[in-house]
$ cat my_file_1.txt   # compact mmCIF, C-alpha atoms and all ligand atoms
# COMPACT_ATOMS: atom_id res chain seq x y z
CA MET O 999 110.57 74.28 206.00
CA ASP O 1000 114.33 74.90 205.81
CA GLY O 1001 116.84 75.81 203.13
CA THR O 1002 117.21 72.18 202.00
CA SER O 1003 114.01 72.19 200.05
CA PHE O 1004 116.00 72.63 196.81
CA VAL O 1005 118.43 69.84 195.97
CA ARG O 1006 121.04 69.37 193.25
CA ASP O 1007 120.01 66.59 190.90
CA THR O 1008 123.11 65.20 189.24
CA ALA O 1009 121.47 62.06 187.88
CA GLY O 1010 120.77 63.58 184.47
CA GLU O 1011 123.20 65.12 182.02
CA LYS O 1012 122.60 68.60 183.32
CA GLN O 1013 122.46 69.87 186.87
CA TYR O 1014 119.45 71.85 187.86
CA ASP O 1015 117.62 72.95 190.93
CA LYS O 1016 114.76 70.58 191.51
CA PRO O 1017 112.14 71.11 194.22
CA ARG O 1018 111.45 68.11 196.43
CA LYS O 1019 108.05 66.60 195.99
CA GLY O 1020 105.37 68.69 197.64
CA VAL O 1021 107.76 71.49 198.61
CA THR O 1022 107.43 74.89 196.97
CA LYS O 1023 110.10 77.61 196.57
CA MET O 1024 110.50 79.41 199.89
CA ALA O 1025 109.66 83.03 200.54
CA GLU O 1026 113.20 83.62 201.96
CA GLU O 1027 114.64 83.05 198.49
CA ARG O 1028 112.83 86.11 197.20
CA GLY O 1029 113.99 89.69 197.58
CA PRO O 1030 115.43 92.53 195.54
CA MET O 1031 118.35 91.76 193.20
CA LEU O 1032 120.49 94.65 194.39
CA GLU O 1033 123.20 94.22 191.75
CA SER O 1034 120.67 95.11 189.05
CA ILE O 1035 120.05 98.59 190.47
CA SER O 1036 122.29 101.65 189.76
CA THR O 1037 121.88 105.36 189.25
CA ALA O 1038 122.67 106.82 185.83
CA ALA O 1039 125.73 108.52 187.38
CA GLU O 1040 127.08 105.19 188.64
CA LEU O 1041 126.80 103.77 185.13
CA LYS O 1042 128.62 106.70 183.52
CA ASP O 1043 131.93 104.85 183.17
CA LYS O 1044 130.21 101.82 181.59
CA ARG O 1045 128.33 104.01 179.12
CA VAL O 1046 128.88 103.17 175.46
CA GLU O 1047 130.25 106.11 173.50
CA LEU O 1048 127.95 106.87 170.59
CA THR O 1049 130.22 106.59 167.54
CA GLY O 1050 129.61 105.54 163.96
CA VAL O 1051 130.93 102.33 162.41
CA PRO O 1052 131.15 102.91 158.63
CA THR O 1053 128.74 100.64 156.77
CA GLY O 1054 130.56 100.42 153.44
CA VAL O 1055 127.30 101.43 151.72
CA GLU O 1056 127.45 104.80 149.99
CA GLY O 1057 124.78 107.14 151.38
CA LEU O 1058 123.91 105.02 154.43
CA ASP O 1059 126.42 106.34 157.00
CA SER O 1060 124.82 109.77 157.06
CA MET O 1061 121.34 108.34 157.71
CA PHE O 1062 122.23 107.71 161.37
CA PHE O 1063 122.36 110.82 163.55
CA LEU O 1064 123.94 112.06 166.72
CA SER O 1065 122.56 114.94 168.81
CA ARG O 1066 124.80 117.37 170.66
CA LEU O 1067 124.33 120.66 172.46
CA GLU O 1068 125.71 123.82 170.86
CA HIS O 1069 125.13 127.09 172.78
CA GLY O 1070 122.29 125.36 174.62
CA LYS O 1071 120.61 124.22 171.41
CA ALA O 1072 120.33 120.60 170.29
CA ILE O 1073 122.03 120.03 166.94
CA THR O 1074 121.92 116.81 164.95
CA GLN O 1075 124.89 115.64 162.92
CA PRO O 1076 125.58 112.47 160.93
CA LEU O 1077 126.89 109.63 163.06
CA GLY O 1078 128.99 108.25 160.20
CA GLY O 1079 127.78 104.66 160.25
CA TYR O 1080 125.93 102.07 162.29
CA PRO O 1081 126.07 102.88 166.01
CA GLU O 1082 129.05 101.16 167.69
CA ARG O 1083 128.09 97.94 169.51
CA ALA O 1084 124.66 97.85 167.92
CA VAL O 1085 123.05 94.72 166.54
CA ILE O 1086 121.72 95.75 163.13
CA HIS O 1087 118.96 93.72 161.55
CA LEU O 1088 119.02 93.86 157.75
CA THR O 1089 115.83 92.41 156.34
CA GLY O 1090 114.08 92.05 152.99
CA ILE O 1091 112.82 89.51 150.48
CA SER O 1092 115.23 87.62 148.22
CA ASP O 1093 117.58 89.48 145.86
CA THR O 1094 117.12 92.86 147.48
CA GLY O 1095 120.82 93.40 148.25
CA LYS O 1096 121.13 92.22 151.88
CA SER O 1097 124.15 89.98 151.32
CA LEU O 1098 125.85 92.66 149.24
CA MET O 1099 125.37 95.14 152.10
CA ALA O 1100 126.67 92.61 154.64
CA GLU O 1101 129.75 91.98 152.49
CA GLN O 1102 130.32 95.71 151.95
CA PHE O 1103 130.28 96.16 155.75
CA ALA O 1104 132.82 93.36 156.20
CA ILE O 1105 135.14 94.79 153.53
CA GLN O 1106 134.85 98.37 154.82
CA GLN O 1107 135.66 97.33 158.36
CA ALA O 1108 138.57 95.11 157.30
CA ALA O 1109 139.88 98.02 155.21
CA LEU O 1110 139.78 100.17 158.35
CA GLY O 1111 141.94 97.59 160.11
CA GLN O 1112 139.19 95.83 162.07
CA PRO O 1113 139.13 92.04 162.35
CA VAL O 1114 135.75 90.82 161.07
CA VAL O 1115 133.95 87.54 161.77
CA PHE O 1116 131.60 86.42 159.00
CA VAL O 1117 129.21 83.59 159.84
CA THR O 1118 127.84 82.20 156.59
CA VAL O 1119 124.67 80.19 156.95
CA GLU O 1120 123.41 80.12 153.34
CA SER O 1121 126.41 79.76 150.98
CA PRO O 1122 129.54 77.72 151.77
CA ALA O 1123 132.51 79.85 152.80
CA PRO O 1124 134.49 79.63 149.50
CA PHE O 1125 131.56 81.29 147.66
CA ILE O 1126 131.51 84.09 150.22
CA VAL O 1127 135.23 84.67 149.69
CA THR O 1128 134.56 85.13 145.96
CA GLY O 1129 131.81 87.65 146.78
CA LEU O 1130 134.02 89.48 149.29
CA GLN O 1131 136.81 89.71 146.74
CA GLU O 1132 134.38 91.15 144.16
CA ARG O 1133 133.05 93.66 146.67
CA ALA O 1134 136.58 94.71 147.71
CA THR O 1135 137.60 95.31 144.09
CA ALA O 1136 134.43 97.31 143.35
CA MET O 1137 135.09 99.39 146.49
CA GLY O 1138 138.63 100.10 145.32
CA TYR O 1139 140.49 97.90 147.83
CA ASP O 1140 143.11 95.26 147.21
CA PHE O 1141 141.56 92.11 148.70
CA LYS O 1142 145.02 90.63 149.39
CA GLU O 1143 145.56 93.35 151.95
CA LEU O 1144 142.31 92.56 153.76
CA GLU O 1145 141.84 88.82 153.51
CA ASN O 1146 143.75 88.03 156.69
CA ARG O 1147 141.44 90.26 158.67
CA ILE O 1148 138.27 88.36 157.75
CA VAL O 1149 137.52 85.04 159.46
CA LEU O 1150 134.70 82.93 158.05
CA ILE O 1151 132.67 80.48 160.10
CA ASP O 1152 131.03 78.04 157.70
CA ALA O 1153 127.63 77.18 159.16
CA ALA O 1154 126.36 76.40 155.66
CA THR O 1155 128.67 73.40 155.34
CA TYR O 1156 128.73 72.41 159.02
CA GLY O 1157 125.08 71.90 159.92
CA THR O 1158 125.88 71.35 163.62
CA LEU O 1159 126.54 75.08 163.88
CA ARG O 1160 123.02 75.78 162.62
CA GLU O 1161 121.33 73.24 164.83
CA ASN O 1162 123.30 73.59 168.04
CA LEU O 1163 123.48 77.16 169.31
CA PRO O 1164 125.92 76.42 172.22
CA ILE O 1165 128.45 74.99 169.70
CA LEU O 1166 128.02 78.07 167.50
CA PHE O 1167 128.63 80.25 170.58
CA ASP O 1168 131.74 78.25 171.56
CA THR O 1169 133.05 78.61 168.00
CA LEU O 1170 132.38 82.35 167.98
CA ALA O 1171 133.95 82.81 171.43
CA HIS O 1172 137.04 80.91 170.26
CA VAL O 1173 137.37 83.22 167.25
CA TYR O 1174 136.69 86.39 169.28
CA LYS O 1175 139.38 85.43 171.81
CA ASN O 1176 142.02 84.49 169.27
CA PHE O 1177 141.23 87.11 166.70
CA LYS O 1178 140.25 90.06 168.93
CA ALA O 1179 137.29 90.86 166.69
CA HIS O 1180 134.52 93.36 167.43
CA ARG O 1181 132.68 93.13 164.12
CA THR O 1182 130.35 90.24 163.26
CA VAL O 1183 128.16 89.46 160.27
CA ILE O 1184 125.61 86.63 160.28
CA ASP O 1185 124.09 85.91 156.86
CA SER O 1186 121.48 84.84 157.65
CA ILE O 1187 119.94 84.36 161.08
CA THR O 1188 116.87 82.92 159.30
CA GLY O 1189 118.92 79.82 158.51
CA LEU O 1190 119.47 79.31 162.26
CA TYR O 1191 115.76 78.80 162.94
CA GLU O 1192 114.73 77.07 159.74
CA ALA O 1193 112.07 74.41 160.45
CA ARG O 1194 111.79 75.56 164.07
CA GLU O 1195 110.40 79.00 163.48
CA MET O 1196 108.49 79.15 166.72
CA MET O 1197 111.89 79.32 168.42
CA ALA O 1198 113.07 82.27 166.29
CA ARG O 1199 112.60 84.86 169.01
CA GLN O 1200 114.40 82.80 171.61
CA ILE O 1201 117.31 82.07 169.24
CA VAL O 1202 117.65 85.71 168.18
CA ARG O 1203 117.47 86.84 171.83
CA GLN O 1204 120.38 84.53 172.71
CA LEU O 1205 122.38 85.68 169.68
CA PHE O 1206 121.70 89.31 170.62
CA ASN O 1207 122.84 88.78 174.22
CA PHE O 1208 125.95 86.98 173.00
CA MET O 1209 126.87 89.91 170.74
CA LYS O 1210 126.45 92.29 173.70
CA LYS O 1211 128.60 90.11 175.94
CA TRP O 1212 131.45 90.18 173.38
CA TYR O 1213 131.09 93.90 172.56
CA GLN O 1214 130.25 93.28 168.93
CA THR O 1215 128.93 95.66 166.32
CA ALA O 1216 126.92 93.10 164.38
CA VAL O 1217 124.92 92.83 161.18
CA PHE O 1218 122.23 90.13 161.25
CA VAL O 1219 120.65 89.46 157.87
CA SER O 1220 117.14 88.00 157.86
CA GLN O 1221 114.90 86.93 155.01
CA LYS O 1222 111.34 88.05 154.65
CA ARG O 1223 108.77 86.01 152.81
CA SER O 1224 107.65 87.70 149.63
CA GLY O 1225 104.04 87.64 150.87
CA HIS O 1226 104.91 90.15 153.55
CA GLU O 1227 104.28 93.79 152.94
CA GLU O 1228 107.29 95.16 151.09
CA LEU O 1229 108.75 97.74 153.38
CA THR O 1230 107.76 96.53 156.81
CA ALA O 1231 110.33 95.10 159.15
CA GLU O 1232 108.22 92.04 159.86
CA ALA O 1233 110.71 89.26 159.35
CA ALA O 1234 109.75 85.75 158.24
CA GLY O 1235 106.48 84.78 159.84
CA GLY O 1236 106.32 87.90 162.00
CA PHE O 1237 108.66 86.60 164.68
CA ALA O 1238 109.21 90.06 166.10
CA VAL O 1239 112.98 89.85 165.60
CA SER O 1240 112.93 93.64 165.25
CA HIS O 1241 111.81 94.03 168.87
CA ILE O 1242 114.99 92.34 170.05
CA VAL O 1243 117.69 93.94 167.89
CA ASP O 1244 118.85 97.56 168.23
CA CYS O 1245 118.20 98.69 164.71
CA THR O 1246 116.32 97.45 161.65
CA VAL O 1247 117.04 98.37 158.04
CA VAL O 1248 114.51 97.18 155.46
CA VAL O 1249 115.31 96.71 151.79
CA ALA O 1250 112.72 96.02 149.10
CA LYS O 1251 112.24 95.77 145.38
CA HIS O 1252 109.22 96.85 143.45
CA LEU O 1253 108.15 96.11 139.87
CA ILE O 1254 106.83 99.15 138.01
CA ASN O 1255 103.56 97.76 136.69
CA SER O 1256 101.12 100.70 136.46
CA GLN O 1257 100.99 104.26 135.22
CA TYR O 1258 100.67 105.35 138.83
CA ASP O 1259 104.01 103.65 139.60
CA GLN O 1260 105.54 105.21 136.50
CA ARG O 1261 104.58 108.67 137.72
CA LEU O 1262 105.67 108.01 141.31
CA TYR O 1263 109.05 106.44 140.58
CA LYS O 1264 109.75 108.14 137.20
CA ARG O 1265 110.75 104.77 135.76
CA PRO O 1266 109.27 102.82 132.83
CA ILE O 1267 106.86 99.91 133.20
CA GLY O 1268 108.68 96.62 133.61
CA GLU O 1269 111.65 98.07 135.50
CA VAL O 1270 112.41 96.99 139.05
CA VAL O 1271 113.21 99.68 141.62
CA ARG O 1272 114.95 98.97 144.89
CA LEU O 1273 114.10 100.81 148.11
CA ILE O 1274 115.70 101.16 151.54
CA ARG O 1275 114.46 102.51 154.85
CA ILE O 1276 115.73 102.55 158.42
CA ASP O 1277 112.70 101.17 160.21
CA GLY O 1278 113.96 101.94 163.69
CA CYS O 1279 117.07 102.35 165.78
CA ARG O 1280 116.91 102.54 169.53
CA LEU O 1281 120.51 103.71 169.97
CA CYS O 1282 120.53 106.90 167.91
CA GLY O 1283 118.50 109.21 165.71
CA HIS O 1284 118.03 108.26 162.09
CA ASP O 1285 116.55 109.22 158.74
CA SER O 1286 113.15 107.58 158.44
CA GLU O 1287 112.38 108.35 154.79
CA THR O 1288 112.10 105.65 152.15
CA HIS O 1289 115.04 106.07 149.76
CA LEU O 1290 115.65 104.70 146.32
CA MET O 1291 118.52 102.25 146.32
CA GLU O 1292 120.57 100.91 143.45
CA ILE O 1293 122.92 98.04 142.83
CA THR O 1294 125.78 99.22 140.66
CA PRO O 1295 127.05 97.10 137.73
CA GLY O 1296 130.00 96.23 139.98
CA GLY O 1297 127.60 94.78 142.55
CA LEU O 1298 127.60 97.51 145.20
CA VAL O 1299 124.50 98.74 147.03
CA ARG O 1300 124.20 102.53 146.99
CA VAL O 1301 121.52 104.64 148.71
CA GLY O 1302 119.78 107.16 146.45
CA PRO O 1303 117.53 110.17 147.13
CA PRO O 1304 114.34 109.95 149.21
CA LEU O 1305 111.35 108.67 147.27
CA LYS O 1306 109.38 111.83 148.05
CA GLU O 1307 111.95 113.90 146.13
CA ILE O 1308 111.54 111.70 143.06
CA ALA O 1309 107.75 111.74 143.37
CA ALA O 1310 107.68 115.55 143.62
CA LYS O 1311 109.66 116.00 140.40
CA LYS O 1312 107.67 117.08 137.32
CA ASP O 1313 107.42 114.39 134.59
N1 LIG C 1401 128.15 91.88 140.58
C1 LIG C 1401 126.88 92.23 140.42
N2 LIG C 1401 126.50 93.06 139.46
C2 LIG C 1401 125.25 93.42 139.30
N3 LIG C 1401 124.23 93.00 140.08
C3 LIG C 1401 124.55 92.17 141.06
C4 LIG C 1401 125.87 91.75 141.30
N4 LIG C 1401 125.86 90.92 142.35
C5 LIG C 1401 124.57 90.84 142.73
N5 LIG C 1401 123.80 91.59 141.96
C6 LIG C 1401 122.35 91.78 142.05
O1 LIG C 1401 122.03 92.04 143.37
C7 LIG C 1401 120.97 91.24 143.74
C8 LIG C 1401 120.94 91.13 145.24
O2 LIG C 1401 121.95 90.27 145.69
P1 LIG C 1401 122.06 89.77 147.18
O3 LIG C 1401 122.85 88.51 147.11
O4 LIG C 1401 122.59 90.85 148.06
O5 LIG C 1401 120.55 89.45 147.58
P2 LIG C 1401 119.93 89.08 149.01
O6 LIG C 1401 119.03 90.19 149.40
O7 LIG C 1401 121.00 88.69 149.94
O8 LIG C 1401 119.01 87.84 148.60
P3 LIG C 1401 118.75 86.43 149.37
O9 LIG C 1401 117.71 86.72 150.43
O10 LIG C 1401 118.22 85.57 148.29
O11 LIG C 1401 120.04 85.96 149.94
C9 LIG C 1401 121.20 89.96 142.96
O12 LIG C 1401 120.05 89.21 142.77
C10 LIG C 1401 121.63 90.54 141.62
O13 LIG C 1401 120.50 90.90 140.88
MG MG C 1402 121.65 86.83 150.62
$ encode --input "my_file_1.txt" --output "structure tokens"
Amino acid sequence: MDGTSFVRDTAGEKQYDKPRKGVTKMAEERGPMLESISTAAELKDKRVELTGVPTGVEGLDSMFFLSRLEHGKAITQPLGGYPERAVIHLTGISDTGKSLMAEQFAIQQAALGQPVVFVTVESPAPFIVTGLQERATAMGYDFKELENRIVLIDAATYGTLRENLPILFDTLAHVYKNFKAHRTVIDSITGLYEAREMMARQIVRQLFNFMKKWYQTAVFVSQKRSGHEELTAEAAGGFAVSHIVDCTVVVAKHLINSQYDQRLYKRPIGEVVRLIRIDGCRLCGHDSETHLMEITPGGLVRVGPPLKEIAAKKD
């Protein structure tokens, strides 16, 4: 056998390597992929500096940690936000505050002078602008000063963007190049695999790789089905999205409907409490307690004290 056993087939739309009938891939084509191997020292210059990207959510920035050595002892200190260049997965059932948190991130980053790309998959772009404006006002910013720094990609109105990932990538790349953005929000990724849920993992993997390629710090919102256990990170149908992303934050709401709940949460029967927890983050240390969370009358998500502190309080 010689090296001609693989031919280019240009008959179809796409080119691909196609083995000739009865010929298998040759042993000579195997071997180590040397470019994939480096020592840690060689990678030092490519290393990503561990810095915090403010989340816009009061109380959340200090839940991510950084370790440093002081007189030979490891000290942890707040990172001050999501880790730079991380893909953050924000998941929870409906009406838990995910979109508010995504909008708060976009506003906070725009206020810090960062161009932000907001891919809306659920609500058409004009509705998102209304929400962003509300969030900006509640956060004390003049939206007029930020609006030019936020670019919306309307995948809710333009279904092609939801159904055709390469076109979504081309659109994103176009915006990244022209807008020099390093912050992306996708609300929600669930809408990108609707009715083809068995492809969820593959789609999220490609989105994740694309964010890495363009050096994005990204927030991916995903929707959990209400049947799923409240505070687990298992996204819709258990598609293991959390295994792909760098960090998962779970938000939940719980109806106080027993005396046990009343004692635990110190809230009356019939009230709804909201909860938040960082389920995991592979890029930095983090708080792993379940915290109370509230949505202010102005529509801002705010992280409260850990649930164990509330539970330990005397009635
Ligand atoms: N301006 C506001 N003032 C008070 N509460 C608000 C305000 N805006 C939103 N909320 C409350 O916050 C809840 C959460 O809103 P959000 O849109 O973030 O939900 P979500 O988790 O994204 O839900 P879904 O999965 O359905 O998109 C709303 O259902 C509403 O109860
Ligand atoms: Mg939402």
$ residues_near_ligand --input "my_file_1.txt" --ligand "ligand MG 1402 (chain C)" --cutoff "8 Å" --atoms "all atoms listed in the file" --output "compact mmCIF listing (two decimals) with C-alpha atoms, in the coordinates of the input"
# COMPACT_ATOMS: atom_id res chain seq x y z
CA SER O 1092 115.23 87.62 148.22
CA ASP O 1093 117.58 89.48 145.86
CA GLY O 1095 120.82 93.40 148.25
CA LYS O 1096 121.13 92.22 151.88
CA SER O 1097 124.15 89.98 151.32
CA LEU O 1098 125.85 92.66 149.24
CA GLU O 1120 123.41 80.12 153.34
CA ASP O 1185 124.09 85.91 156.86
CA SER O 1186 121.48 84.84 157.65
CA VAL O 1219 120.65 89.46 157.87
$ residues_near_ligand --input "my_file_1.txt" --ligand "ligand LIG 1401 (chain C)" --cutoff "10 Å" --atoms "only C-alpha atoms and all ligand atoms" --output "MDAnalysis selection string"
chainID O and resid 1088:1102 1120:1121 1129 1132:1133 1136 1185:1186 1188 1219:1223 1249:1251 1272 1292:1299
$ closest_residue --input "my_file_1.txt" --among "O:Ile1105, O:Leu1190, O:Ala1123, O:Ala1171" --to "O:Lys1142" --atoms "all atoms listed in the file"
O:Ile1105
$ closest_atom_pairs --input "my_file_1.txt" --of "stretch 1093-1163 of chain O" --to "stretch 1195-1214 of chain O" --cutoff "10 Å" --atoms "only C-alpha atoms" --output "tab-separated table"
residue	atom	partner	partner_atom	distance
O:Val1114	CA	O:Gln1214	CA	9.9
O:Val1115	CA	O:Gln1214	CA	9.9
O:Leu1163	CA	O:Ile1201	CA	7.9
$ closest_atom_pairs --input "my_file_1.txt" --of "stretch 1240-1297 of chain O" --to "stretch 1062-1066 of chain O" --cutoff "8 Å" --atoms "only C-alpha atoms" --output "tab-separated table"
residue	atom	partner	partner_atom	distance
O:Cys1282	CA	O:Phe1063	CA	6.1
O:Gly1283	CA	O:Phe1063	CA	4.7
O:His1284	CA	O:Phe1062	CA	4.3
O:Asp1285	CA	O:Phe1062	CA	6.4
$ closest_residue --input "my_file_1.txt" --among "O:Ala1104, O:His1241, O:Val1117, O:Thr1049" --to "O:Leu1077" --atoms "only C-alpha atoms"
O:Thr1049
$ closest_residue --input "my_file_1.txt" --among "O:Tyr1263, O:Cys1279, O:Lys1044, O:Ile1165" --to "O:Lys1312" --atoms "all atoms listed in the file"
O:Tyr1263
$ atom_distance --input "my_file_1.txt" --atom1 "atom CA of O:Asp1168" --atom2 "atom CA of O:Leu1150"
14.6 Å
$ residues_around --input "my_file_1.txt" --residues "O:Gly1111" --least-positions-apart "4" --cutoff "10 Å" --atoms "all atoms listed in the file" --output "number ranges by chain"
O: 1105-1107, 1143-1144, 1147
$ write_last_selection --input "my_file_1.txt" --atoms "C-alpha atoms" --output "PDB file, in the frame of the given file"
ATOM      1  CA  ILE O1105     135.140  94.790 153.530  1.00  0.00           C
ATOM      2  CA  GLN O1106     134.850  98.370 154.820  1.00  0.00           C
ATOM      3  CA  GLN O1107     135.660  97.330 158.360  1.00  0.00           C
ATOM      4  CA  GLU O1143     145.560  93.350 151.950  1.00  0.00           C
ATOM      5  CA  LEU O1144     142.310  92.560 153.760  1.00  0.00           C
ATOM      6  CA  ARG O1147     141.440  90.260 158.670  1.00  0.00           C
TER       7      ARG O1147
END
$ atom_distance --input "my_file_1.txt" --atom1 "atom CA of O:Arg1261" --atom2 "atom CA of O:Val1248"
23.4 Å
$ atom_distance --input "my_file_1.txt" --atom1 "atom CA of O:Tyr1080" --atom2 "atom CA of O:Gly1050"
5.3 Å
$ closest_residue --input "my_file_1.txt" --among "O:Gly1138, O:Pro1081, O:Pro1304, O:Pro1164" --to "O:Cys1245" --atoms "only C-alpha atoms"
O:Pro1081
$ closest_residue --input "my_file_1.txt" --among "O:Ala1109, O:Val1085, O:Thr1246, O:Leu1253" --to "O:Thr1182" --atoms "only C-alpha atoms"
O:Val1085
$ closest_residue --input "my_file_1.txt" --among "O:Val1055, O:Thr1135, O:Pro1076, O:Ile1184" --to "O:Phe1116" --atoms "only C-alpha atoms"
O:Ile1184
$ axis_aligned_box --input "my_file_1.txt" --around "stretch 1041-1059 of chain O" --padding-each-side "6 Å" --output "lines of an AutoDock Vina configuration file"
center_x = 127.9
center_y = 103.8
center_z = 167.6
size_x = 20.0
size_y = 18.7
size_z = 47.1
$ residues_around --input "my_file_1.txt" --residues "O:Glu1161" --least-positions-apart "4" --cutoff "10 Å" --atoms "all atoms listed in the file" --output "list in words"
Ala1153, Tyr1156, Gly1157, Ile1165, Leu1166, Gly1189, Leu1190, Tyr1191, Glu1192 and Arg1194 of chain O
